[in-house]
file my_file25.txt (compact mmCIF, C-alpha atoms and all ligand atoms)
# COMPACT_ATOMS: atom_id res chain seq x y z
CA MET W 1 -1.78 -8.78 20.41
CA LYS W 2 -2.09 -12.09 18.55
CA ALA W 3 -2.25 -11.62 14.79
CA PHE W 4 -3.20 -14.03 12.04
CA PHE W 5 -2.17 -13.33 8.44
CA LEU W 6 -4.10 -14.86 5.57
CA GLY W 7 -1.54 -14.77 2.74
CA GLY W 8 2.22 -14.62 3.24
CA GLY W 9 3.19 -13.15 -0.14
CA ASN W 10 4.95 -9.82 -0.73
CA MET W 11 2.77 -7.65 1.46
CA GLY W 12 1.91 -10.20 4.16
CA ALA W 13 5.59 -11.06 4.58
CA ALA W 14 6.57 -7.36 4.60
CA ILE W 15 4.17 -6.58 7.46
CA VAL W 16 5.19 -9.69 9.41
CA GLY W 17 8.87 -8.77 8.95
CA GLY W 18 8.18 -5.19 10.01
CA LEU W 19 6.35 -6.29 13.15
CA VAL W 20 9.15 -8.68 14.18
CA ALA W 21 11.74 -5.95 13.53
CA LYS W 22 9.71 -3.63 15.78
CA GLY W 23 9.87 -6.15 18.61
CA PHE W 24 6.53 -7.97 18.27
CA ALA W 25 6.78 -11.50 19.63
CA ALA W 26 7.14 -13.87 16.67
CA GLY W 27 5.22 -16.46 18.70
CA ASP W 28 2.13 -14.22 18.54
CA LEU W 29 2.14 -14.19 14.73
CA THR W 30 0.61 -16.93 12.58
CA VAL W 31 0.70 -16.83 8.78
CA ALA W 32 -1.35 -19.06 6.50
CA ASP W 33 -0.21 -19.57 2.91
CA PRO W 34 -0.79 -22.46 0.47
CA SER W 35 2.82 -22.47 -0.71
CA ALA W 36 5.21 -24.67 1.32
CA PRO W 37 8.34 -22.73 0.19
CA VAL W 38 6.67 -19.46 1.25
CA ARG W 39 5.83 -20.96 4.66
CA GLU W 40 9.38 -22.29 5.13
CA GLN W 41 10.85 -18.91 4.22
CA LEU W 42 8.55 -17.06 6.67
CA ALA W 43 9.31 -19.48 9.51
CA ARG W 44 13.06 -19.34 8.81
CA ALA W 45 13.31 -15.56 8.34
CA TYR W 46 11.05 -14.41 11.18
CA GLY W 47 10.43 -17.39 13.47
CA VAL W 48 6.65 -17.07 13.05
CA ARG W 49 4.18 -19.97 12.92
CA ALA W 50 3.50 -20.65 9.23
CA ILE W 51 0.61 -22.95 8.39
CA ALA W 52 -1.38 -24.13 5.37
CA PRO W 53 -4.72 -22.27 5.02
CA PRO W 54 -6.87 -23.71 7.83
CA GLY W 55 -10.57 -24.61 7.76
CA SER W 56 -11.50 -22.11 10.47
CA TRP W 57 -10.15 -18.88 11.99
CA PRO W 58 -7.16 -19.52 14.27
CA GLU W 59 -7.31 -17.90 17.71
CA ALA W 60 -6.19 -14.28 17.30
CA ASP W 61 -7.09 -10.69 18.18
CA VAL W 62 -6.54 -9.42 14.64
CA ALA W 63 -6.63 -11.07 11.22
CA VAL W 64 -4.82 -9.40 8.33
CA LEU W 65 -6.21 -10.42 4.96
CA ALA W 66 -3.29 -10.26 2.52
CA VAL W 67 -4.43 -12.41 -0.39
CA LYS W 68 -4.98 -11.05 -3.91
CA PRO W 69 -8.35 -9.33 -4.39
CA GLN W 70 -9.42 -12.06 -6.84
CA GLN W 71 -8.61 -14.72 -4.21
CA MET W 72 -10.36 -13.01 -1.31
CA ARG W 73 -13.93 -14.28 -1.49
CA GLU W 74 -12.96 -17.96 -1.77
CA ALA W 75 -10.14 -17.60 0.78
CA VAL W 76 -12.34 -16.13 3.52
CA ARG W 77 -15.35 -18.32 2.77
CA ALA W 78 -13.12 -21.37 3.32
CA LEU W 79 -12.61 -20.22 6.93
CA GLY W 80 -16.30 -19.77 7.77
CA ASN W 81 -17.63 -16.85 9.81
CA PRO W 82 -15.11 -15.26 12.19
CA PRO W 83 -15.83 -14.71 15.89
CA ALA W 84 -17.47 -11.29 16.42
CA SER W 85 -14.52 -10.18 18.59
CA LEU W 86 -11.97 -10.63 15.76
CA LEU W 87 -10.74 -7.42 14.16
CA VAL W 88 -10.36 -8.06 10.42
CA VAL W 89 -7.93 -5.80 8.56
CA THR W 90 -7.99 -6.15 4.79
CA ILE W 91 -5.17 -4.80 2.65
CA ALA W 92 -6.66 -6.05 -0.63
CA ALA W 93 -7.00 -3.31 -3.22
CA GLY W 94 -10.60 -2.63 -4.19
CA ILE W 95 -12.38 -5.00 -1.79
CA ARG W 96 -15.05 -2.89 -0.08
CA VAL W 97 -16.08 -3.24 3.54
CA ALA W 98 -19.71 -4.10 2.69
CA ASP W 99 -18.66 -6.88 0.28
CA LEU W 100 -16.14 -8.37 2.71
CA ALA W 101 -18.64 -8.12 5.57
CA ARG W 102 -21.16 -10.04 3.47
CA TRP W 103 -18.60 -12.77 2.63
CA LEU W 104 -17.80 -12.98 6.37
CA GLY W 105 -21.44 -13.59 7.31
CA GLY W 106 -22.22 -10.02 8.37
CA HIS W 107 -19.01 -9.37 10.34
CA ALA W 108 -18.80 -5.78 11.66
CA ALA W 109 -15.21 -5.28 12.90
CA ILE W 110 -13.46 -4.52 9.61
CA VAL W 111 -10.73 -2.00 8.77
CA ARG W 112 -9.61 -1.40 5.19
CA ALA W 113 -5.98 -0.52 4.51
CA MET W 114 -4.26 0.51 1.31
CA PRO W 115 -0.47 0.24 1.59
CA ASN W 116 2.03 0.77 -1.24
CA THR W 117 5.12 -1.07 -2.46
CA PRO W 118 7.68 0.98 -0.47
CA ALA W 119 6.19 -0.98 2.46
CA LEU W 120 8.50 -3.74 1.24
CA VAL W 121 11.42 -1.61 2.52
CA ARG W 122 9.40 -0.21 5.47
CA CYS W 123 9.01 3.22 3.83
CA GLY W 124 5.37 2.79 2.86
CA ILE W 125 2.36 5.01 3.34
CA THR W 126 -0.94 3.31 4.12
CA GLY W 127 -4.40 4.85 3.85
CA LEU W 128 -6.81 3.46 6.46
CA PHE W 129 -10.59 3.51 6.64
CA ALA W 130 -12.93 2.08 9.26
CA PRO W 131 -16.73 2.24 9.41
CA GLY W 132 -18.14 4.35 12.27
CA ASP W 133 -18.89 1.39 14.53
CA VAL W 134 -15.21 0.33 14.70
CA GLY W 135 -13.91 1.74 17.98
CA PRO W 136 -10.69 3.62 18.78
CA GLU W 137 -8.89 0.59 20.22
CA ALA W 138 -9.49 -1.44 17.05
CA ARG W 139 -8.37 1.51 14.91
CA GLU W 140 -5.23 1.81 16.99
CA ARG W 141 -4.48 -1.89 16.46
CA ALA W 142 -4.88 -1.60 12.70
CA ALA W 143 -2.64 1.48 12.58
CA THR W 144 -0.01 -0.30 14.70
CA LEU W 145 0.04 -3.25 12.29
CA LEU W 146 0.41 -1.13 9.16
CA GLY W 147 2.75 1.24 11.00
CA ALA W 148 5.28 -1.62 10.99
CA VAL W 149 5.94 -0.91 7.29
CA GLY W 150 5.80 2.88 7.21
CA ASP W 151 3.50 5.79 7.93
CA THR W 152 -0.30 5.71 8.10
CA VAL W 153 -3.13 8.15 7.41
CA TRP W 154 -6.84 7.79 8.26
CA LEU W 155 -9.49 8.67 5.68
CA ASP W 156 -13.05 9.75 6.49
CA ARG W 157 -14.86 8.08 3.59
CA GLU W 158 -14.35 4.68 2.05
CA SER W 159 -14.40 6.23 -1.43
CA ASP W 160 -11.27 8.18 -0.40
CA LEU W 161 -9.41 4.86 -0.66
CA ASP W 162 -9.85 5.03 -4.44
CA VAL W 163 -8.00 8.36 -4.28
CA VAL W 164 -5.33 6.83 -2.03
CA THR W 165 -4.96 4.01 -4.56
CA ALA W 166 -4.49 6.57 -7.35
CA ILE W 167 -2.03 8.72 -5.40
CA SER W 168 0.17 6.58 -3.18
CA GLY W 169 -0.82 3.07 -4.34
CA SER W 170 0.02 3.71 -8.00
CA GLY W 171 2.29 6.65 -7.10
CA PRO W 172 5.57 4.75 -6.95
CA ALA W 173 5.06 3.92 -10.66
CA TYR W 174 4.68 7.63 -11.48
CA VAL W 175 7.92 8.34 -9.63
CA PHE W 176 9.71 5.53 -11.47
CA TYR W 177 8.35 6.93 -14.75
CA LEU W 178 9.81 10.35 -13.96
CA MET W 179 13.04 8.70 -12.85
CA GLU W 180 13.21 6.80 -16.15
CA SER W 181 12.55 10.05 -18.04
CA LEU W 182 15.29 11.96 -16.21
CA GLU W 183 17.71 9.12 -16.84
CA ALA W 184 16.70 8.99 -20.54
CA ALA W 185 17.32 12.75 -20.85
CA GLY W 186 20.80 12.27 -19.41
CA ARG W 187 21.49 9.45 -21.89
CA GLU W 188 20.18 11.53 -24.84
CA MET W 189 22.56 14.29 -23.86
CA GLY W 190 25.53 11.93 -23.92
CA LEU W 191 25.94 10.66 -20.35
CA ALA W 192 27.01 7.06 -19.88
CA PRO W 193 24.27 4.75 -18.46
CA GLY W 194 25.84 4.45 -15.00
CA PRO W 195 26.12 8.16 -14.21
CA ALA W 196 22.73 8.91 -15.86
CA ARG W 197 20.96 6.42 -13.58
CA LYS W 198 22.87 7.46 -10.47
CA LEU W 199 22.11 11.15 -11.01
CA ALA W 200 18.41 10.50 -11.65
CA LEU W 201 17.94 8.14 -8.70
CA GLN W 202 19.82 10.21 -6.15
CA THR W 203 18.00 13.36 -7.27
CA PHE W 204 14.69 11.72 -6.28
CA VAL W 205 16.06 10.37 -3.02
CA GLY W 206 17.65 13.74 -2.16
CA ALA W 207 14.67 15.89 -3.13
CA ALA W 208 12.23 13.65 -1.22
CA THR W 209 14.47 13.66 1.84
CA LEU W 210 14.85 17.45 1.68
CA ALA W 211 11.06 17.89 1.40
CA GLN W 212 10.49 15.52 4.31
CA LEU W 213 13.13 17.02 6.61
CA ARG W 214 12.27 20.65 5.86
CA GLY W 215 8.51 20.02 5.96
CA GLU W 216 7.99 22.93 3.57
CA ASP W 217 5.47 23.24 0.77
CA PRO W 218 6.96 21.59 -2.35
CA ALA W 219 6.06 24.75 -4.29
CA VAL W 220 8.33 26.76 -1.95
CA LEU W 221 11.16 24.25 -2.33
CA ARG W 222 10.71 24.38 -6.11
CA ALA W 223 10.83 28.18 -6.12
CA GLN W 224 14.07 28.03 -4.13
CA VAL W 225 15.74 26.08 -6.98
CA THR W 226 14.28 28.31 -9.68
CA SER W 227 16.43 31.40 -10.18
CA PRO W 228 15.01 34.03 -12.57
CA GLY W 229 16.51 33.52 -16.01
CA GLY W 230 18.18 30.28 -14.95
CA THR W 231 18.20 26.68 -16.15
CA THR W 232 15.38 25.37 -13.93
CA GLU W 233 13.09 28.20 -15.00
CA ARG W 234 13.70 27.30 -18.66
CA ALA W 235 12.90 23.63 -18.00
CA LEU W 236 9.74 24.37 -15.99
CA ALA W 237 8.50 26.77 -18.68
CA GLU W 238 8.87 23.93 -21.19
CA MET W 239 6.89 21.61 -18.89
CA ASP W 240 4.13 24.21 -18.50
CA ARG W 241 4.01 24.72 -22.28
CA GLY W 242 3.44 20.96 -22.67
CA GLY W 243 0.67 21.04 -20.04
CA LEU W 244 2.51 18.51 -17.89
CA LYS W 245 0.72 19.36 -14.63
CA SER W 246 -2.77 19.05 -16.10
CA VAL W 247 -1.82 15.81 -17.89
CA PHE W 248 -0.51 14.48 -14.59
CA ILE W 249 -3.65 15.41 -12.63
CA ALA W 250 -5.88 13.90 -15.35
CA ALA W 251 -3.80 10.70 -15.22
CA VAL W 252 -4.21 10.37 -11.44
CA LYS W 253 -7.97 10.96 -11.79
CA ALA W 254 -8.08 8.18 -14.40
CA ALA W 255 -6.40 5.85 -11.89
CA ARG W 256 -9.04 6.78 -9.30
CA GLU W 257 -11.81 5.93 -11.82
CA ARG W 258 -10.19 2.57 -12.51
CA SER W 259 -9.95 1.83 -8.79
CA ALA W 260 -13.69 2.44 -8.40
CA GLU W 261 -14.43 0.20 -11.42
CA LEU W 262 -12.32 -2.60 -9.97
CA GLY W 263 -14.11 -2.21 -6.62
CA ASP W 264 -17.45 -2.72 -8.41
CA ALA W 265 -16.12 -5.79 -10.24
CA PHE W 266 -14.51 -7.43 -7.17
CA GLY W 267 -17.70 -6.94 -5.16
CA GLU W 268 -19.88 -8.91 -7.58
CA ASP W 269 -21.01 -12.23 -6.11
N1 LIG W 301 2.03 -5.32 -3.46
C1 LIG W 301 1.56 -4.09 -3.26
O1 LIG W 301 2.17 -3.08 -3.52
C2 LIG W 301 0.21 -3.88 -2.66
C3 LIG W 301 -0.19 -2.59 -2.34
C4 LIG W 301 -1.43 -2.40 -1.75
C5 LIG W 301 -2.23 -3.47 -1.51
N2 LIG W 301 -1.82 -4.70 -1.86
C6 LIG W 301 -2.71 -5.82 -1.63
O2 LIG W 301 -2.07 -6.79 -0.85
C7 LIG W 301 -2.60 -8.05 -1.17
C8 LIG W 301 -1.45 -9.02 -1.33
O3 LIG W 301 -0.62 -8.56 -2.40
P1 LIG W 301 0.79 -9.21 -2.62
O4 LIG W 301 1.50 -8.34 -3.57
O5 LIG W 301 1.40 -9.54 -1.30
O6 LIG W 301 0.33 -10.59 -3.36
P2 LIG W 301 1.06 -11.98 -3.34
O7 LIG W 301 2.54 -11.80 -3.24
O8 LIG W 301 0.49 -12.78 -4.47
O9 LIG W 301 0.57 -12.63 -1.96
C9 LIG W 301 -0.66 -13.27 -1.79
C10 LIG W 301 -0.38 -14.60 -1.12
O10 LIG W 301 -1.61 -15.17 -0.68
C11 LIG W 301 -1.55 -16.56 -0.98
N3 LIG W 301 -2.88 -17.17 -0.98
C12 LIG W 301 -3.68 -17.44 -2.05
N4 LIG W 301 -4.81 -18.03 -1.61
C13 LIG W 301 -4.72 -18.14 -0.27
C14 LIG W 301 -5.56 -18.67 0.74
N5 LIG W 301 -6.73 -19.21 0.44
N6 LIG W 301 -5.16 -18.60 2.03
C15 LIG W 301 -3.97 -18.06 2.34
N7 LIG W 301 -3.12 -17.54 1.42
C16 LIG W 301 -3.48 -17.58 0.14
C17 LIG W 301 -0.86 -16.59 -2.31
O11 LIG W 301 -0.43 -17.88 -2.63
P3 LIG W 301 -0.35 -18.29 -4.21
O12 LIG W 301 0.62 -17.36 -4.83
O13 LIG W 301 0.12 -19.70 -4.12
O14 LIG W 301 -1.74 -18.11 -4.75
C18 LIG W 301 0.27 -15.59 -2.07
O15 LIG W 301 1.39 -16.20 -1.44
C19 LIG W 301 -3.43 -7.89 -2.44
O16 LIG W 301 -4.80 -7.97 -2.13
C20 LIG W 301 -3.10 -6.52 -2.93
O17 LIG W 301 -4.22 -5.86 -3.51
C21 LIG W 301 -0.62 -4.94 -2.41
call {"tool": "encode", "arguments": {"input": "my_file25.txt", "output": "structure tokens", "more": "lines below"}}
Ligand SMILES: NC(=O)c1ccc[n+]([C@@H]2O[C@H](COP(=O)([O-])OP(=O)(O)OC[C@H]3O[C@@H](n4cnc5c(N)ncnc54)[C@H](OP(=O)(O)O)[C@@H]3O)[C@@H](O)[C@H]2O)c1
result
Amino acid sequence: MKAFFLGGGNMGAAIVGGLVAKGFAAGDLTVADPSAPVREQLARAYGVRAIAPPGSWPEADVAVLAVKPQQMREAVRALGNPPASLLVVTIAAGIRVADLARWLGGHAAIVRAMPNTPALVRCGITGLFAPGDVGPEARERAATLLGAVGDTVWLDRESDLDVVTAISGSGPAYVFYLMESLEAAGREMGLAPGPARKLALQTFVGAATLAQLRGEDPAVLRAQVTSPGGTTERALAEMDRGGLKSVFIAAVKAARERSAELGDAFGED
């Protein structure tokens, strides 16, 4: 599979690096980026062909669009209309299939992907959506590409990608917020900064690993740590009194609303 990447920034480089690490032939990967230092770094680190943005679509089976959403329309219009056989995979947040298809002169073979920042360390989760006329082989190709930086999940409706954005796209920030809060609690109760951070960080790593390896419902795992009359029960009661769960769910819904608003704004011609 020959792949062309438009944009070799954080995400483009992460996917390219993941593919090479998984054994994809570097010679089959071409990355276009306007920045010479970015191109040099990509060529040096992964041995891929790194070029300035070209005036037409280079020969490839798949094109991954990894430019910023605000850059997308101009970036793809500069390449002209792609060949009908090219599978276009966009990872840009908020750019809808219909808008991209219009900018690509009515192109049909488009898959939308929403990865998250843990992709940078190949522990990402990517939501994928393809319109009904994109066949199984093309879907498989898109999942293989994004699978180089973590796990993938297919969604039935394009609007579900706004939910993905709110859950796993923004999700790492929620986790960091909780991590910060746990660390701050440790500091307020007299721990030195080093131990407070280490305890908070490793608690997240350990709990996430336990949940993943056991595969059990988080509510069951939580109950297992919550002895009647114990410390965890006291803390959770305090969280419930403050309405933490409903605040959290309302916050994630607000992120979903914002994602939909941004989709409307990016799609304006
Ligand atoms: N980072 C994330 O966690 C994340 C998560 C989900 C989705 N995404 C999506 O992934 C996309 C890339 O994000 P990122 O964080 O990787 O951004 P980034 O680091 O800014 O990478 C974008 C790259 O594209 C380059 N570029 C600009 N115009 C171009 C053109 N015409 N042709 C080729 N390359 C061009 C940029 O160069 P200049 O800097 O010189 O403009 C930059 O190197 C975005 O659409 C974002 O919504 C990112």
call {"tool": "closest_residue", "arguments": {"input": "my_file25.txt", "among": "W:Ser246, W:Thr203, W:Ser35, W:Ser85", "to": "Glu59 of chain W", "atoms": "only C-alpha atoms"}}
result
W:Ser85
call {"tool": "axis_aligned_box", "arguments": {"input": "my_file25.txt", "around": "segment 220-238 of chain W", "padding_each_side": "4 Å", "output": "lines of an AutoDock Vina configuration file"}}
result
center_x = 13.3
center_y = 28.8
center_z = -11.6
size_x = 17.9
size_y = 18.4
size_z = 27.2
call {"tool": "closest_atom_pairs", "arguments": {"input": "my_file25.txt", "of": "chain W", "to": "ligand LIG 301 (chain W)", "cutoff": "9 Å", "atoms": "all atoms listed in the file", "output": "tab-separated table"}}
result
residue	atom	partner	partner_atom	distance
W:Phe5	CA	W:LIG301	C15	7.9
W:Leu6	CA	W:LIG301	C15	4.5
W:Gly7	CA	W:LIG301	O10	3.4
W:Gly8	CA	W:LIG301	O15	5.0
W:Gly9	CA	W:LIG301	O9	3.2
W:Asn10	CA	W:LIG301	O5	3.6
W:Met11	CA	W:LIG301	O5	3.6
W:Gly12	CA	W:LIG301	O5	5.5
W:Ala13	CA	W:LIG301	O5	7.4
W:Ala14	CA	W:LIG301	O5	8.1
W:Val31	CA	W:LIG301	C15	8.0
W:Ala32	CA	W:LIG301	C15	5.0
W:Asp33	CA	W:LIG301	N7	3.8
W:Pro34	CA	W:LIG301	O13	5.4
W:Ser35	CA	W:LIG301	O13	5.2
W:Ala36	CA	W:LIG301	O13	9.0
W:Val38	CA	W:LIG301	O15	6.8
W:Arg39	CA	W:LIG301	O15	8.9
W:Ala52	CA	W:LIG301	C15	7.3
W:Pro53	CA	W:LIG301	N6	4.8
W:Pro54	CA	W:LIG301	N6	7.9
W:Leu65	CA	W:LIG301	C7	7.5
W:Ala66	CA	W:LIG301	C7	4.4
W:Val67	CA	W:LIG301	O10	4.0
W:Lys68	CA	W:LIG301	O16	3.6
W:Pro69	CA	W:LIG301	O16	4.4
W:Gln70	CA	W:LIG301	O16	7.8
W:Gln71	CA	W:LIG301	N4	5.7
W:Met72	CA	W:LIG301	N5	7.4
W:Arg73	CA	W:LIG301	N5	8.9
W:Glu74	CA	W:LIG301	N5	6.7
W:Ala75	CA	W:LIG301	N5	3.8
W:Val76	CA	W:LIG301	N5	7.1
W:Arg77	CA	W:LIG301	N5	9.0
W:Ala78	CA	W:LIG301	N5	7.3
W:Leu79	CA	W:LIG301	N5	8.8
W:Thr90	CA	W:LIG301	O16	7.8
W:Ile91	CA	W:LIG301	C6	5.0
W:Ala92	CA	W:LIG301	O16	3.1
W:Ala93	CA	W:LIG301	O17	3.8
W:Gly94	CA	W:LIG301	O17	7.2
W:Ile95	CA	W:LIG301	O16	8.1
W:Ala113	CA	W:LIG301	C5	7.7
W:Met114	CA	W:LIG301	C4	5.1
W:Pro115	CA	W:LIG301	C4	4.4
W:Asn116	CA	W:LIG301	C3	4.2
W:Thr117	CA	W:LIG301	O1	3.7
W:Pro118	CA	W:LIG301	O1	7.5
W:Ala119	CA	W:LIG301	O1	7.5
W:Leu120	CA	W:LIG301	O1	7.9
W:Thr126	CA	W:LIG301	C4	8.2
W:Thr165	CA	W:LIG301	C4	7.8
W:Gly169	CA	W:LIG301	C3	6.0
W:Ser170	CA	W:LIG301	O1	8.4
call {"tool": "closest_residue", "arguments": {"input": "my_file25.txt", "among": "W:Leu146, W:Leu100, W:Leu201, W:Gly243", "to": "Leu178 of chain W", "atoms": "all atoms listed in the file"}}
result
W:Leu201
call {"tool": "atom_distance", "arguments": {"input": "my_file25.txt", "atom1": "atom CA of Val88 of chain W", "atom2": "atom CA of Gly150 of chain W"}}
result
19.8 Å
call {"tool": "build_atoms", "arguments": {"input": "my_file25.txt", "residues": "segment 141-166 of chain W", "atoms": "N, CA and C atoms", "output": "PDB file, in the frame of the given file"}}
result
ATOM      1  N   ARG W 141      -5.119  -0.605  16.794  1.00  0.00           N
ATOM      2  CA  ARG W 141      -4.480  -1.890  16.460  1.00  0.00           C
ATOM      3  C   ARG W 141      -4.146  -1.959  14.978  1.00  0.00           C
ATOM      4  N   ALA W 142      -5.102  -1.553  14.150  1.00  0.00           N
ATOM      5  CA  ALA W 142      -4.880  -1.600  12.700  1.00  0.00           C
ATOM      6  C   ALA W 142      -3.729  -0.679  12.311  1.00  0.00           C
ATOM      7  N   ALA W 143      -3.703   0.524  12.910  1.00  0.00           N
ATOM      8  CA  ALA W 143      -2.640   1.480  12.580  1.00  0.00           C
ATOM      9  C   ALA W 143      -1.282   0.963  13.062  1.00  0.00           C
ATOM     10  N   THR W 144      -1.272   0.258  14.193  1.00  0.00           N
ATOM     11  CA  THR W 144      -0.010  -0.300  14.700  1.00  0.00           C
ATOM     12  C   THR W 144       0.517  -1.358  13.727  1.00  0.00           C
ATOM     13  N   LEU W 145      -0.391  -2.199  13.222  1.00  0.00           N
ATOM     14  CA  LEU W 145       0.040  -3.250  12.290  1.00  0.00           C
ATOM     15  C   LEU W 145       0.648  -2.643  11.026  1.00  0.00           C
ATOM     16  N   LEU W 146      -0.086  -1.717  10.411  1.00  0.00           N
ATOM     17  CA  LEU W 146       0.410  -1.130   9.160  1.00  0.00           C
ATOM     18  C   LEU W 146       1.573  -0.183   9.414  1.00  0.00           C
ATOM     19  N   GLY W 147       1.631   0.354  10.635  1.00  0.00           N
ATOM     20  CA  GLY W 147       2.750   1.240  11.000  1.00  0.00           C
ATOM     21  C   GLY W 147       4.080   0.498  11.032  1.00  0.00           C
ATOM     22  N   ALA W 148       4.037  -0.834  11.005  1.00  0.00           N
ATOM     23  CA  ALA W 148       5.280  -1.620  10.990  1.00  0.00           C
ATOM     24  C   ALA W 148       5.998  -1.501   9.645  1.00  0.00           C
ATOM     25  N   VAL W 149       5.298  -1.020   8.607  1.00  0.00           N
ATOM     26  CA  VAL W 149       5.940  -0.910   7.290  1.00  0.00           C
ATOM     27  C   VAL W 149       5.940   0.522   6.764  1.00  0.00           C
ATOM     28  N   GLY W 150       5.745   1.486   7.660  1.00  0.00           N
ATOM     29  CA  GLY W 150       5.800   2.880   7.210  1.00  0.00           C
ATOM     30  C   GLY W 150       4.806   3.741   7.946  1.00  0.00           C
ATOM     31  N   ASP W 151       4.421   4.835   7.308  1.00  0.00           N
ATOM     32  CA  ASP W 151       3.500   5.790   7.930  1.00  0.00           C
ATOM     33  C   ASP W 151       2.055   5.400   7.613  1.00  0.00           C
ATOM     34  N   THR W 152       1.115   6.001   8.343  1.00  0.00           N
ATOM     35  CA  THR W 152      -0.300   5.710   8.100  1.00  0.00           C
ATOM     36  C   THR W 152      -1.104   7.011   8.102  1.00  0.00           C
ATOM     37  N   VAL W 153      -2.235   6.994   7.404  1.00  0.00           N
ATOM     38  CA  VAL W 153      -3.130   8.150   7.410  1.00  0.00           C
ATOM     39  C   VAL W 153      -4.570   7.643   7.352  1.00  0.00           C
ATOM     40  N   TRP W 154      -5.428   8.198   8.238  1.00  0.00           N
ATOM     41  CA  TRP W 154      -6.840   7.790   8.260  1.00  0.00           C
ATOM     42  C   TRP W 154      -7.648   8.629   7.286  1.00  0.00           C
ATOM     43  N   LEU W 155      -8.591   7.981   6.606  1.00  0.00           N
ATOM     44  CA  LEU W 155      -9.490   8.670   5.680  1.00  0.00           C
ATOM     45  C   LEU W 155     -10.905   8.614   6.232  1.00  0.00           C
ATOM     46  N   ASP W 156     -11.696   9.659   5.936  1.00  0.00           N
ATOM     47  CA  ASP W 156     -13.050   9.750   6.490  1.00  0.00           C
ATOM     48  C   ASP W 156     -14.073   8.927   5.727  1.00  0.00           C
ATOM     49  N   ARG W 157     -13.848   8.770   4.417  1.00  0.00           N
ATOM     50  CA  ARG W 157     -14.860   8.080   3.590  1.00  0.00           C
ATOM     51  C   ARG W 157     -14.197   6.903   2.879  1.00  0.00           C
ATOM     52  N   GLU W 158     -14.941   5.840   2.710  1.00  0.00           N
ATOM     53  CA  GLU W 158     -14.350   4.680   2.050  1.00  0.00           C
ATOM     54  C   GLU W 158     -13.951   5.008   0.613  1.00  0.00           C
ATOM     55  N   SER W 159     -14.739   5.874  -0.043  1.00  0.00           N
ATOM     56  CA  SER W 159     -14.400   6.230  -1.430  1.00  0.00           C
ATOM     57  C   SER W 159     -13.050   6.946  -1.526  1.00  0.00           C
ATOM     58  N   ASP W 160     -12.597   7.544  -0.395  1.00  0.00           N
ATOM     59  CA  ASP W 160     -11.270   8.180  -0.400  1.00  0.00           C
ATOM     60  C   ASP W 160     -10.167   7.157  -0.681  1.00  0.00           C
ATOM     61  N   LEU W 161     -10.441   5.875  -0.398  1.00  0.00           N
ATOM     62  CA  LEU W 161      -9.410   4.860  -0.660  1.00  0.00           C
ATOM     63  C   LEU W 161      -9.131   4.699  -2.152  1.00  0.00           C
ATOM     64  N   ASP W 162     -10.125   5.045  -2.990  1.00  0.00           N
ATOM     65  CA  ASP W 162      -9.850   5.030  -4.440  1.00  0.00           C
ATOM     66  C   ASP W 162      -8.856   6.148  -4.785  1.00  0.00           C
ATOM     67  N   VAL W 163      -8.951   7.261  -4.060  1.00  0.00           N
ATOM     68  CA  VAL W 163      -8.000   8.360  -4.280  1.00  0.00           C
ATOM     69  C   VAL W 163      -6.619   7.958  -3.757  1.00  0.00           C
ATOM     70  N   VAL W 164      -6.602   7.318  -2.581  1.00  0.00           N
ATOM     71  CA  VAL W 164      -5.330   6.830  -2.030  1.00  0.00           C
ATOM     72  C   VAL W 164      -4.665   5.868  -3.026  1.00  0.00           C
ATOM     73  N   THR W 165      -5.485   4.976  -3.583  1.00  0.00           N
ATOM     74  CA  THR W 165      -4.960   4.010  -4.560  1.00  0.00           C
ATOM     75  C   THR W 165      -4.315   4.762  -5.732  1.00  0.00           C
ATOM     76  N   ALA W 166      -4.991   5.816  -6.191  1.00  0.00           N
ATOM     77  CA  ALA W 166      -4.490   6.570  -7.350  1.00  0.00           C
ATOM     78  C   ALA W 166      -3.259   7.391  -7.014  1.00  0.00           C
TER      79      ALA W 166
END
